[in-house]
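Shown below: data.pdb, with PDB, C-alpha atoms, pLDDT in the B column.
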MODEL        1
ATOM      1  CA  MET A   1      51.550 -83.242 -53.737  1.00 69.00           C
ATOM      2  CA  MET A   2      51.595 -84.110 -57.449  1.00 74.00           C
ATOM      3  CA  GLN A   3      47.839 -84.789 -57.435  1.00 81.00           C
ATOM      4  CA  VAL A   4      47.120 -81.343 -55.905  1.00 80.00           C
ATOM      5  CA  ARG A   5      49.190 -79.685 -58.632  1.00 85.00           C
ATOM      6  CA  THR A   6      47.239 -81.531 -61.361  1.00 87.00           C
ATOM      7  CA  VAL A   7      43.923 -80.429 -59.853  1.00 87.00           C
ATOM      8  CA  GLU A   8      45.159 -76.810 -59.722  1.00 89.00           C
ATOM      9  CA  ILE A   9      46.158 -76.945 -63.394  1.00 90.00           C
ATOM     10  CA  TRP A  10      42.751 -78.332 -64.419  1.00 90.00           C
ATOM     11  CA  VAL A  11      40.958 -75.669 -62.387  1.00 91.00           C
ATOM     12  CA  GLY A  12      43.083 -73.019 -64.135  1.00 91.00           C
ATOM     13  CA  VAL A  13      42.231 -74.469 -67.557  1.00 91.00           C
ATOM     14  CA  PHE A  14      38.496 -74.454 -66.779  1.00 92.00           C
ATOM     15  CA  VAL A  15      38.631 -70.890 -65.445  1.00 93.00           C
ATOM     16  CA  ALA A  16      40.494 -69.726 -68.571  1.00 93.00           C
ATOM     17  CA  ALA A  17      37.974 -71.511 -70.830  1.00 94.00           C
ATOM     18  CA  GLY A  18      35.092 -69.930 -68.904  1.00 93.00           C
ATOM     19  CA  LEU A  19      36.602 -66.455 -69.243  1.00 93.00           C
ATOM     20  CA  ALA A  20      37.139 -66.994 -72.975  1.00 92.00           C
ATOM     21  CA  ALA A  21      33.511 -68.118 -73.358  1.00 91.00           C
ATOM     22  CA  LEU A  22      32.265 -65.055 -71.448  1.00 90.00           C
ATOM     23  CA  PHE A  23      34.411 -62.802 -73.643  1.00 88.00           C
ATOM     24  CA  MET A  24      32.994 -64.345 -76.842  1.00 86.00           C
ATOM     25  CA  LEU A  25      29.447 -64.022 -75.476  1.00 83.00           C
ATOM     26  CA  ALA A  26      30.031 -60.355 -74.617  1.00 80.00           C
ATOM     27  CA  MET A  27      31.351 -59.704 -78.132  1.00 75.00           C
ATOM     28  CA  GLN A  28      28.320 -61.370 -79.725  1.00 72.00           C
ATOM     29  CA  VAL A  29      25.841 -59.452 -77.549  1.00 70.00           C
ATOM     30  CA  SER A  30      27.530 -56.106 -78.235  1.00 66.00           C
ATOM     31  CA  ASN A  31      27.752 -56.712 -82.022  1.00 58.00           C
ATOM     32  CA  LEU A  32      31.549 -56.488 -81.946  1.00 57.00           C
ATOM     33  CA  THR A  33      32.460 -59.825 -83.416  1.00 53.00           C
ATOM     34  CA  VAL A  34      36.146 -60.203 -84.195  1.00 44.00           C
ATOM     35  CA  VAL A  35      35.625 -62.138 -87.416  1.00 46.00           C
ATOM     36  CA  GLY A  36      34.300 -59.819 -90.127  1.00 51.00           C
ATOM     37  CA  ASP A  37      32.022 -60.670 -93.027  1.00 54.00           C
ATOM     38  CA  ASP A  38      33.835 -59.146 -95.994  1.00 63.00           C
ATOM     39  CA  GLN A  39      31.807 -60.925 -98.648  1.00 80.00           C
ATOM     40  CA  GLY A  40      28.846 -59.105-100.054  1.00 87.00           C
ATOM     41  CA  TYR A  41      28.151 -55.680-101.451  1.00 91.00           C
ATOM     42  CA  THR A  42      27.730 -52.140-100.148  1.00 92.00           C
ATOM     43  CA  VAL A  43      24.672 -49.948-100.664  1.00 94.00           C
ATOM     44  CA  LYS A  44      23.871 -46.499 -99.335  1.00 94.00           C
ATOM     45  CA  ALA A  45      20.669 -44.827 -98.172  1.00 94.00           C
ATOM     46  CA  ARG A  46      19.920 -41.221 -97.183  1.00 94.00           C
ATOM     47  CA  PHE A  47      17.751 -40.428 -94.176  1.00 92.00           C
ATOM     48  CA  GLU A  48      16.425 -37.202 -92.646  1.00 90.00           C
ATOM     49  CA  ASN A  49      16.940 -38.580 -89.138  1.00 88.00           C
ATOM     50  CA  ILE A  50      18.717 -41.726 -87.910  1.00 89.00           C
ATOM     51  CA  SER A  51      18.591 -40.930 -84.197  1.00 84.00           C
ATOM     52  CA  GLY A  52      20.124 -43.857 -82.294  1.00 84.00           C
ATOM     53  CA  LEU A  53      21.384 -45.840 -85.296  1.00 89.00           C
ATOM     54  CA  LYS A  54      25.014 -46.921 -84.912  1.00 91.00           C
ATOM     55  CA  VAL A  55      27.764 -48.455 -86.996  1.00 91.00           C
ATOM     56  CA  ARG A  56      27.447 -52.279 -86.755  1.00 89.00           C
ATOM     57  CA  SER A  57      23.652 -52.057 -86.300  1.00 90.00           C
ATOM     58  CA  PRO A  58      21.824 -54.898 -88.068  1.00 91.00           C
ATOM     59  CA  VAL A  59      20.215 -54.614 -91.505  1.00 92.00           C
ATOM     60  CA  THR A  60      17.212 -56.904 -91.864  1.00 93.00           C
ATOM     61  CA  VAL A  61      14.718 -58.103 -94.441  1.00 93.00           C
ATOM     62  CA  ALA A  62      11.535 -59.697 -93.026  1.00 91.00           C
ATOM     63  CA  GLY A  63      13.242 -59.903 -89.621  1.00 88.00           C
ATOM     64  CA  VAL A  64      16.255 -61.826 -90.940  1.00 90.00           C
ATOM     65  CA  ARG A  65      19.668 -60.178 -90.572  1.00 91.00           C
ATOM     66  CA  VAL A  66      21.144 -59.750 -94.054  1.00 92.00           C
ATOM     67  CA  GLY A  67      23.902 -57.269 -93.266  1.00 91.00           C
ATOM     68  CA  ARG A  68      25.267 -54.537 -91.033  1.00 92.00           C
ATOM     69  CA  VAL A  69      25.650 -50.763 -91.071  1.00 93.00           C
ATOM     70  CA  THR A  70      29.293 -50.061 -91.964  1.00 93.00           C
ATOM     71  CA  ALA A  71      29.432 -46.256 -91.900  1.00 93.00           C
ATOM     72  CA  ILE A  72      27.325 -43.221 -91.091  1.00 93.00           C
ATOM     73  CA  ASP A  73      28.192 -39.894 -92.697  1.00 94.00           C
ATOM     74  CA  PHE A  74      26.603 -36.454 -93.043  1.00 93.00           C
ATOM     75  CA  ASP A  75      26.013 -34.808 -96.428  1.00 92.00           C
ATOM     76  CA  PRO A  76      26.454 -31.021 -95.956  1.00 93.00           C
ATOM     77  CA  GLN A  77      24.669 -30.257 -99.263  1.00 93.00           C
ATOM     78  CA  THR A  78      21.404 -32.048 -98.505  1.00 91.00           C
ATOM     79  CA  PHE A  79      21.700 -32.035 -94.679  1.00 92.00           C
ATOM     80  CA  GLN A  80      20.946 -35.749 -94.596  1.00 92.00           C
ATOM     81  CA  ALA A  81      22.558 -38.726 -92.930  1.00 92.00           C
ATOM     82  CA  VAL A  82      24.164 -41.135 -95.406  1.00 95.00           C
ATOM     83  CA  VAL A  83      24.138 -44.709 -94.117  1.00 94.00           C
ATOM     84  CA  SER A  84      26.402 -47.302 -95.778  1.00 95.00           C
ATOM     85  CA  MET A  85      25.330 -50.918 -95.379  1.00 93.00           C
ATOM     86  CA  ARG A  86      27.188 -54.130 -96.183  1.00 93.00           C
ATOM     87  CA  ILE A  87      24.720 -56.742 -97.445  1.00 92.00           C
ATOM     88  CA  GLY A  88      25.758 -60.401 -97.433  1.00 90.00           C
ATOM     89  CA  ALA A  89      26.597 -62.052-100.754  1.00 88.00           C
ATOM     90  CA  ALA A  90      23.758 -64.559-100.294  1.00 88.00           C
ATOM     91  CA  TYR A  91      21.251 -61.686-100.473  1.00 88.00           C
ATOM     92  CA  ASN A  92      22.230 -60.291-103.880  1.00 87.00           C
ATOM     93  CA  GLN A  93      18.715 -60.361-105.354  1.00 89.00           C
ATOM     94  CA  LEU A  94      17.262 -57.307-103.591  1.00 89.00           C
ATOM     95  CA  PRO A  95      15.238 -55.300-106.147  1.00 91.00           C
ATOM     96  CA  LEU A  96      16.360 -51.815-107.192  1.00 90.00           C
ATOM     97  CA  ASP A  97      13.221 -50.246-105.687  1.00 90.00           C
ATOM     98  CA  THR A  98      13.844 -51.684-102.208  1.00 92.00           C
ATOM     99  CA  SER A  99      12.905 -49.254 -99.429  1.00 92.00           C
ATOM    100  CA  ALA A 100      14.759 -48.738 -96.144  1.00 93.00           C
ATOM    101  CA  ALA A 101      13.475 -47.586 -92.761  1.00 92.00           C
ATOM    102  CA  VAL A 102      15.190 -46.987 -89.425  1.00 91.00           C
ATOM    103  CA  LEU A 103      13.236 -49.124 -86.958  1.00 89.00           C
ATOM    104  CA  THR A 104      13.404 -49.893 -83.243  1.00 85.00           C
ATOM    105  CA  SER A 105      13.697 -53.376 -81.824  1.00 83.00           C
ATOM    106  CA  GLY A 106      11.070 -53.492 -79.079  1.00 74.00           C
ATOM    107  CA  LEU A 107       9.752 -50.479 -77.181  1.00 68.00           C
ATOM    108  CA  VAL A 108      13.107 -48.920 -76.269  1.00 69.00           C
ATOM    109  CA  GLY A 109      15.467 -51.357 -77.984  1.00 77.00           C
ATOM    110  CA  GLU A 110      18.325 -50.775 -80.373  1.00 84.00           C
ATOM    111  CA  LYS A 111      17.832 -49.184 -83.779  1.00 88.00           C
ATOM    112  CA  TYR A 112      18.283 -51.154 -86.979  1.00 91.00           C
ATOM    113  CA  VAL A 113      17.676 -50.721 -90.703  1.00 93.00           C
ATOM    114  CA  GLY A 114      14.728 -52.679 -92.077  1.00 92.00           C
ATOM    115  CA  LEU A 115      14.666 -53.258 -95.831  1.00 93.00           C
ATOM    116  CA  GLU A 116      11.405 -53.840 -97.705  1.00 92.00           C
ATOM    117  CA  PRO A 117      11.969 -55.384-101.156  1.00 92.00           C
ATOM    118  CA  GLY A 118      10.067 -53.860-104.082  1.00 87.00           C
ATOM    119  CA  GLY A 119       9.043 -55.432-107.366  1.00 87.00           C
ATOM    120  CA  ASP A 120      11.665 -54.148-109.804  1.00 86.00           C
ATOM    121  CA  MET A 121      13.354 -56.703-112.060  1.00 89.00           C
ATOM    122  CA  GLU A 122      16.751 -54.992-111.703  1.00 89.00           C
ATOM    123  CA  VAL A 123      18.685 -55.702-108.503  1.00 89.00           C
ATOM    124  CA  LEU A 124      20.820 -53.557-106.230  1.00 87.00           C
ATOM    125  CA  LYS A 125      24.507 -53.717-107.076  1.00 88.00           C
ATOM    126  CA  ASP A 126      27.690 -52.855-105.169  1.00 89.00           C
ATOM    127  CA  GLY A 127      27.795 -49.074-104.691  1.00 89.00           C
ATOM    128  CA  GLY A 128      24.062 -48.699-105.362  1.00 89.00           C
ATOM    129  CA  GLU A 129      21.743 -46.407-103.464  1.00 90.00           C
ATOM    130  CA  ILE A 130      18.359 -47.031-101.894  1.00 89.00           C
ATOM    131  CA  THR A 131      16.252 -43.959-102.663  1.00 88.00           C
ATOM    132  CA  LEU A 132      13.009 -44.827-100.844  1.00 87.00           C
ATOM    133  CA  THR A 133      13.735 -44.218 -97.151  1.00 88.00           C
ATOM    134  CA  GLN A 134      11.814 -43.568 -93.967  1.00 85.00           C
ATOM    135  CA  SER A 135      13.536 -41.914 -91.029  1.00 80.00           C
ATOM    136  CA  THR A 136      13.257 -42.961 -87.416  1.00 76.00           C
ATOM    137  CA  LEU A 137      10.392 -41.756 -85.259  1.00 70.00           C
ATOM    138  CA  VAL A 138      11.772 -39.609 -82.446  1.00 68.00           C
ATOM    139  CA  LEU A 139       9.698 -40.026 -79.293  1.00 67.00           C
ATOM    140  CA  GLU A 140      10.556 -36.554 -77.993  1.00 69.00           C
ATOM    141  CA  GLN A 141       9.311 -34.926 -81.210  1.00 70.00           C
ATOM    142  CA  MET A 142       6.083 -36.915 -81.113  1.00 73.00           C
ATOM    143  CA  ILE A 143       5.422 -35.931 -77.484  1.00 80.00           C
ATOM    144  CA  GLY A 144       6.246 -32.286 -78.252  1.00 78.00           C
ATOM    145  CA  LYS A 145       3.888 -32.261 -81.227  1.00 76.00           C
ATOM    146  CA  PHE A 146       1.124 -33.873 -79.155  1.00 78.00           C
ATOM    147  CA  LEU A 147       1.537 -31.328 -76.351  1.00 79.00           C
ATOM    148  CA  PHE A 148       1.686 -28.417 -78.812  1.00 76.00           C
ATOM    149  CA  ASP A 149      -1.477 -29.632 -80.568  1.00 77.00           C
ATOM    150  CA  LYS A 150      -3.254 -29.990 -77.212  1.00 73.00           C
ATOM    151  CA  ALA A 151      -2.182 -26.479 -76.188  1.00 72.00           C
ATOM    152  CA  GLU A 152      -3.422 -25.060 -79.508  1.00 73.00           C
ATOM    153  CA  SER A 153      -6.791 -26.810 -79.245  1.00 72.00           C
ATOM    154  CA  GLY A 154      -7.181 -25.575 -75.651  1.00 66.00           C
ATOM    155  CA  LYS A 155      -6.979 -21.921 -76.754  1.00 63.00           C
ATOM    156  CA  GLU A 156     -10.192 -22.092 -78.774  1.00 57.00           C
TER     157      GLU A 156
ENDMDL
END
Using structure tokens, write down the structure that the file contains.
Amino acid sequence: MMQVRTVEIWVGVFVAAGLAALFMLAMQVSNLTVVGDDQGYTVKARFENISGLKVRSPVTVAGVRVGRVTAIDFDPQTFQAVVSMRIGAAYNQLPLDTSAAVLTSGLVGEKYVGLEPGGDMEVLKDGGEITLTQSTLVLEQMIGKFLFDKAESGKE
């Protein structure tokens, strides 16, 4: 009887450990890690269109994740999206003329911000702004433009 109880306890421990591991894996996959990275600095960038970009989306340089999107706001004066990004402290040498683009991971993957370092000797500082930006390509707009152009050329 005592041996059966011990086996039941061990099975319970393994099930609990498995559930905890699955929970941690789900948090990593969904970019909702519990432990935050508060070290680093914040920069902003303005985009005409950020369709599909979300808070907690990755920020990369040369394919390496260097930070995350921390906030997305709308500027009613310029009608642009203002994206705030937290860049890790280890990546504090990004030049002032760094450019930012909203890119897609794969064919229909998640959106992320890709940074392309420039050649300026001055570096981005906390609260700085990236002025060279490229908005996301919206597939629906591209298809609409293609169809409209085809319809226009067919009239001639």
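Selection result for the displayed file, with the PyMOL selection byres ((chain A and resi 93) around 12) as criterion, is Gly40, Tyr41, Val61, Val66, Ile87, Gly88, Ala89, Ala90, Tyr91, Asn92, Leu94, Pro95, Leu96, Asp97, Thr98, Pro117, Gly118, Gly119, Asp120, Met121, Glu122, Val123, Leu124, Lys125 and Asp126 of chain A.
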Q | stretch 131-137 of chain A environment, 6 Å, all atoms listed in the file, sequence neighbours closer than 3 positions dropped, as JSON, numbers by chain | A | {"A": [47, 48, 49, 50, 99, 100, 101, 102]}
Q. Atom CA of A:Glu116 and atom CA of A:Met85, how far apart in Å?
A. 14.4 Å
Q. Selected by the PyMOL selection byres ((chain A and resi 53) around 12) in the shown coordinates: which residues, as a ChimeraX atom specification?
A. /A:47,49-52,54-59,68-73,81-85,101-105,109-114,135-138
Q) Quick one: distance from atom CA of A:Ala45 to atom CA of A:Gln80 in Å, one decimal? A) 9.8 Å
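What separates atom CA of A:Gln28 from atom CA of A:Val64 is a distance of 16.5 Å.
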Q: Find, counting only C-alpha atoms, the residue in A:Val11, A:Ile130, A:Leu22, A:Leu115 that gets nearest to A:Arg65.
A: A:Leu115
Would you give the centre and edge lengths, in Å to one decimal, of a box along x, y and z around the listed atoms of stretch 56-72 of chain A, with 8 Å added to each side, as lines of an AutoDock Vina configuration file?
center_x = 20.5
center_y = -52.5
center_z = -90.4
size_x = 33.9
size_y = 34.6
size_z = 24.1
Can you save stretch 52-99 of chain A of the given block to a file, including N, CA and C atoms and formatted as an mmCIF file, in the first residue's frame?
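So the final result, stored in part_7.cif, reads:
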data_model
loop_
_atom_site.group_PDB
_atom_site.id
_atom_site.type_symbol
_atom_site.label_atom_id
_atom_site.label_comp_id
_atom_site.auth_asym_id
_atom_site.auth_seq_id
_atom_site.Cartn_x
_atom_site.Cartn_y
_atom_site.Cartn_z
ATOM 1 N N GLY A 52 -0.046 44.670 -38.924
ATOM 2 C CA GLY A 52 0.351 43.371 -38.382
ATOM 3 C C GLY A 52 1.428 43.414 -37.314
ATOM 4 N N LEU A 53 2.096 44.547 -37.131
ATOM 5 C CA LEU A 53 3.119 44.640 -36.088
ATOM 6 C C LEU A 53 2.435 44.740 -34.734
ATOM 7 N N LYS A 54 2.970 44.059 -33.733
ATOM 8 C CA LYS A 54 2.355 44.040 -32.408
ATOM 9 C C LYS A 54 3.377 44.411 -31.339
ATOM 10 N N VAL A 55 2.859 44.811 -30.183
ATOM 11 C CA VAL A 55 3.717 45.011 -29.022
ATOM 12 C C VAL A 55 4.339 43.651 -28.695
ATOM 13 N N ARG A 56 5.592 43.633 -28.341
ATOM 14 C CA ARG A 56 6.415 42.452 -28.045
ATOM 15 C C ARG A 56 6.970 41.794 -29.303
ATOM 16 N N SER A 57 6.728 42.380 -30.493
ATOM 17 C CA SER A 57 7.346 41.853 -31.710
ATOM 18 C C SER A 57 8.858 42.068 -31.628
ATOM 19 N N PRO A 58 9.639 41.188 -32.230
ATOM 20 C CA PRO A 58 11.093 41.322 -32.173
ATOM 21 C C PRO A 58 11.619 42.515 -32.963
ATOM 22 N N VAL A 59 12.757 43.037 -32.523
ATOM 23 C CA VAL A 59 13.535 44.034 -33.253
ATOM 24 C C VAL A 59 14.867 43.366 -33.549
ATOM 25 N N THR A 60 15.256 43.345 -34.826
ATOM 26 C CA THR A 60 16.463 42.616 -35.204
ATOM 27 C C THR A 60 17.444 43.488 -35.968
ATOM 28 N N VAL A 61 18.706 43.103 -35.891
ATOM 29 C CA VAL A 61 19.764 43.658 -36.726
ATOM 30 C C VAL A 61 20.486 42.453 -37.317
ATOM 31 N N ALA A 62 20.540 42.369 -38.647
ATOM 32 C CA ALA A 62 21.193 41.256 -39.345
ATOM 33 C C ALA A 62 20.625 39.908 -38.913
ATOM 34 N N GLY A 63 19.328 39.869 -38.596
ATOM 35 C CA GLY A 63 18.680 38.627 -38.196
ATOM 36 C C GLY A 63 18.825 38.265 -36.735
ATOM 37 N N VAL A 64 19.553 39.057 -35.964
ATOM 38 C CA VAL A 64 19.764 38.786 -34.547
ATOM 39 C C VAL A 64 18.823 39.668 -33.738
ATOM 40 N N ARG A 65 18.070 39.062 -32.814
ATOM 41 C CA ARG A 65 17.142 39.845 -31.998
ATOM 42 C C ARG A 65 17.922 40.712 -31.027
ATOM 43 N N VAL A 66 17.706 42.041 -31.130
ATOM 44 C CA VAL A 66 18.400 42.987 -30.258
ATOM 45 C C VAL A 66 17.436 43.712 -29.327
ATOM 46 N N GLY A 67 16.140 43.486 -29.507
ATOM 47 C CA GLY A 67 15.165 44.160 -28.663
ATOM 48 C C GLY A 67 13.754 43.741 -29.010
ATOM 49 N N ARG A 68 12.802 44.487 -28.445
ATOM 50 C CA ARG A 68 11.382 44.212 -28.661
ATOM 51 C C ARG A 68 10.622 45.513 -28.809
ATOM 52 N N VAL A 69 9.490 45.450 -29.502
ATOM 53 C CA VAL A 69 8.573 46.588 -29.590
ATOM 54 C C VAL A 69 7.869 46.709 -28.247
ATOM 55 N N THR A 70 7.912 47.900 -27.635
ATOM 56 C CA THR A 70 7.302 48.082 -26.317
ATOM 57 C C THR A 70 5.977 48.813 -26.372
ATOM 58 N N ALA A 71 5.753 49.630 -27.396
ATOM 59 C CA ALA A 71 4.498 50.372 -27.497
ATOM 60 C C ALA A 71 4.268 50.786 -28.942
ATOM 61 N N ILE A 72 2.991 50.886 -29.292
ATOM 62 C CA ILE A 72 2.602 51.382 -30.610
ATOM 63 C C ILE A 72 1.536 52.444 -30.388
ATOM 64 N N ASP A 73 1.808 53.642 -30.865
ATOM 65 C CA ASP A 73 0.882 54.764 -30.704
ATOM 66 C C ASP A 73 0.576 55.370 -32.061
ATOM 67 N N PHE A 74 -0.414 56.276 -32.075
ATOM 68 C CA PHE A 74 -0.795 56.980 -33.303
ATOM 69 C C PHE A 74 -0.617 58.474 -33.073
ATOM 70 N N ASP A 75 0.081 59.139 -33.996
ATOM 71 C CA ASP A 75 0.278 60.586 -33.910
ATOM 72 C C ASP A 75 -0.798 61.261 -34.755
ATOM 73 N N PRO A 76 -1.765 61.959 -34.107
ATOM 74 C CA PRO A 76 -2.866 62.574 -34.865
ATOM 75 C C PRO A 76 -2.430 63.767 -35.719
ATOM 76 N N GLN A 77 -1.254 64.340 -35.470
ATOM 77 C CA GLN A 77 -0.781 65.460 -36.291
ATOM 78 C C GLN A 77 -0.220 64.977 -37.630
ATOM 79 N N THR A 78 0.571 63.933 -37.599
ATOM 80 C CA THR A 78 1.213 63.445 -38.822
ATOM 81 C C THR A 78 0.506 62.230 -39.424
ATOM 82 N N PHE A 79 -0.471 61.675 -38.690
ATOM 83 C CA PHE A 79 -1.204 60.478 -39.120
ATOM 84 C C PHE A 79 -0.265 59.299 -39.352
ATOM 85 N N GLN A 80 0.701 59.161 -38.471
ATOM 86 C CA GLN A 80 1.668 58.067 -38.562
ATOM 87 C C GLN A 80 1.619 57.219 -37.298
ATOM 88 N N ALA A 81 2.062 55.990 -37.444
ATOM 89 C CA ALA A 81 2.212 55.100 -36.297
ATOM 90 C C ALA A 81 3.571 55.374 -35.662
ATOM 91 N N VAL A 82 3.596 55.513 -34.349
ATOM 92 C CA VAL A 82 4.843 55.731 -33.615
ATOM 93 C C VAL A 82 5.147 54.448 -32.846
ATOM 94 N N VAL A 83 6.245 53.803 -33.205
ATOM 95 C CA VAL A 83 6.628 52.531 -32.610
ATOM 96 C C VAL A 83 7.792 52.766 -31.645
ATOM 97 N N SER A 84 7.597 52.397 -30.376
ATOM 98 C CA SER A 84 8.664 52.475 -29.376
ATOM 99 C C SER A 84 9.313 51.104 -29.249
ATOM 100 N N MET A 85 10.644 51.096 -29.260
ATOM 101 C CA MET A 85 11.390 49.843 -29.194
ATOM 102 C C MET A 85 12.392 49.897 -28.052
ATOM 103 N N ARG A 86 12.505 48.820 -27.320
ATOM 104 C CA ARG A 86 13.499 48.696 -26.253
ATOM 105 C C ARG A 86 14.650 47.868 -26.812
ATOM 106 N N ILE A 87 15.817 48.505 -26.934
ATOM 107 C CA ILE A 87 17.009 47.844 -27.463
ATOM 108 C C ILE A 87 17.884 47.422 -26.285
ATOM 109 N N GLY A 88 18.407 46.222 -26.332
ATOM 110 C CA GLY A 88 19.240 45.701 -25.251
ATOM 111 C C GLY A 88 20.497 46.528 -25.030
ATOM 112 N N ALA A 89 20.949 46.574 -23.796
ATOM 113 C CA ALA A 89 22.114 47.382 -23.416
ATOM 114 C C ALA A 89 23.379 46.948 -24.159
ATOM 115 N N ALA A 90 23.459 45.700 -24.552
ATOM 116 C CA ALA A 90 24.647 45.205 -25.261
ATOM 117 C C ALA A 90 24.742 45.772 -26.680
ATOM 118 N N TYR A 91 23.643 46.343 -27.175
ATOM 119 C CA TYR A 91 23.604 46.852 -28.543
ATOM 120 C C TYR A 91 23.502 48.370 -28.531
ATOM 121 N N ASN A 92 24.366 49.018 -27.780
ATOM 122 C CA ASN A 92 24.305 50.477 -27.605
ATOM 123 C C ASN A 92 25.177 51.232 -28.596
ATOM 124 N N GLN A 93 25.645 50.588 -29.641
ATOM 125 C CA GLN A 93 26.504 51.241 -30.625
ATOM 126 C C GLN A 93 25.820 51.407 -31.980
ATOM 127 N N LEU A 94 24.482 51.393 -32.007
ATOM 128 C CA LEU A 94 23.786 51.581 -33.278
ATOM 129 C C LEU A 94 23.943 53.024 -33.737
ATOM 130 N N PRO A 95 24.398 53.253 -34.971
ATOM 131 C CA PRO A 95 24.618 54.613 -35.462
ATOM 132 C C PRO A 95 23.326 55.435 -35.511
ATOM 133 N N LEU A 96 23.481 56.748 -35.449
ATOM 134 C CA LEU A 96 22.356 57.675 -35.457
ATOM 135 C C LEU A 96 21.542 57.578 -36.744
ATOM 136 N N ASP A 97 22.174 57.232 -37.860
ATOM 137 C CA ASP A 97 21.458 57.141 -39.129
ATOM 138 C C ASP A 97 20.982 55.717 -39.450
ATOM 139 N N THR A 98 20.725 54.928 -38.413
ATOM 140 C CA THR A 98 20.168 53.593 -38.577
ATOM 141 C C THR A 98 18.773 53.709 -39.191
ATOM 142 N N SER A 99 18.442 52.802 -40.102
ATOM 143 C CA SER A 99 17.100 52.804 -40.691
ATOM 144 C C SER A 99 16.305 51.619 -40.127
#
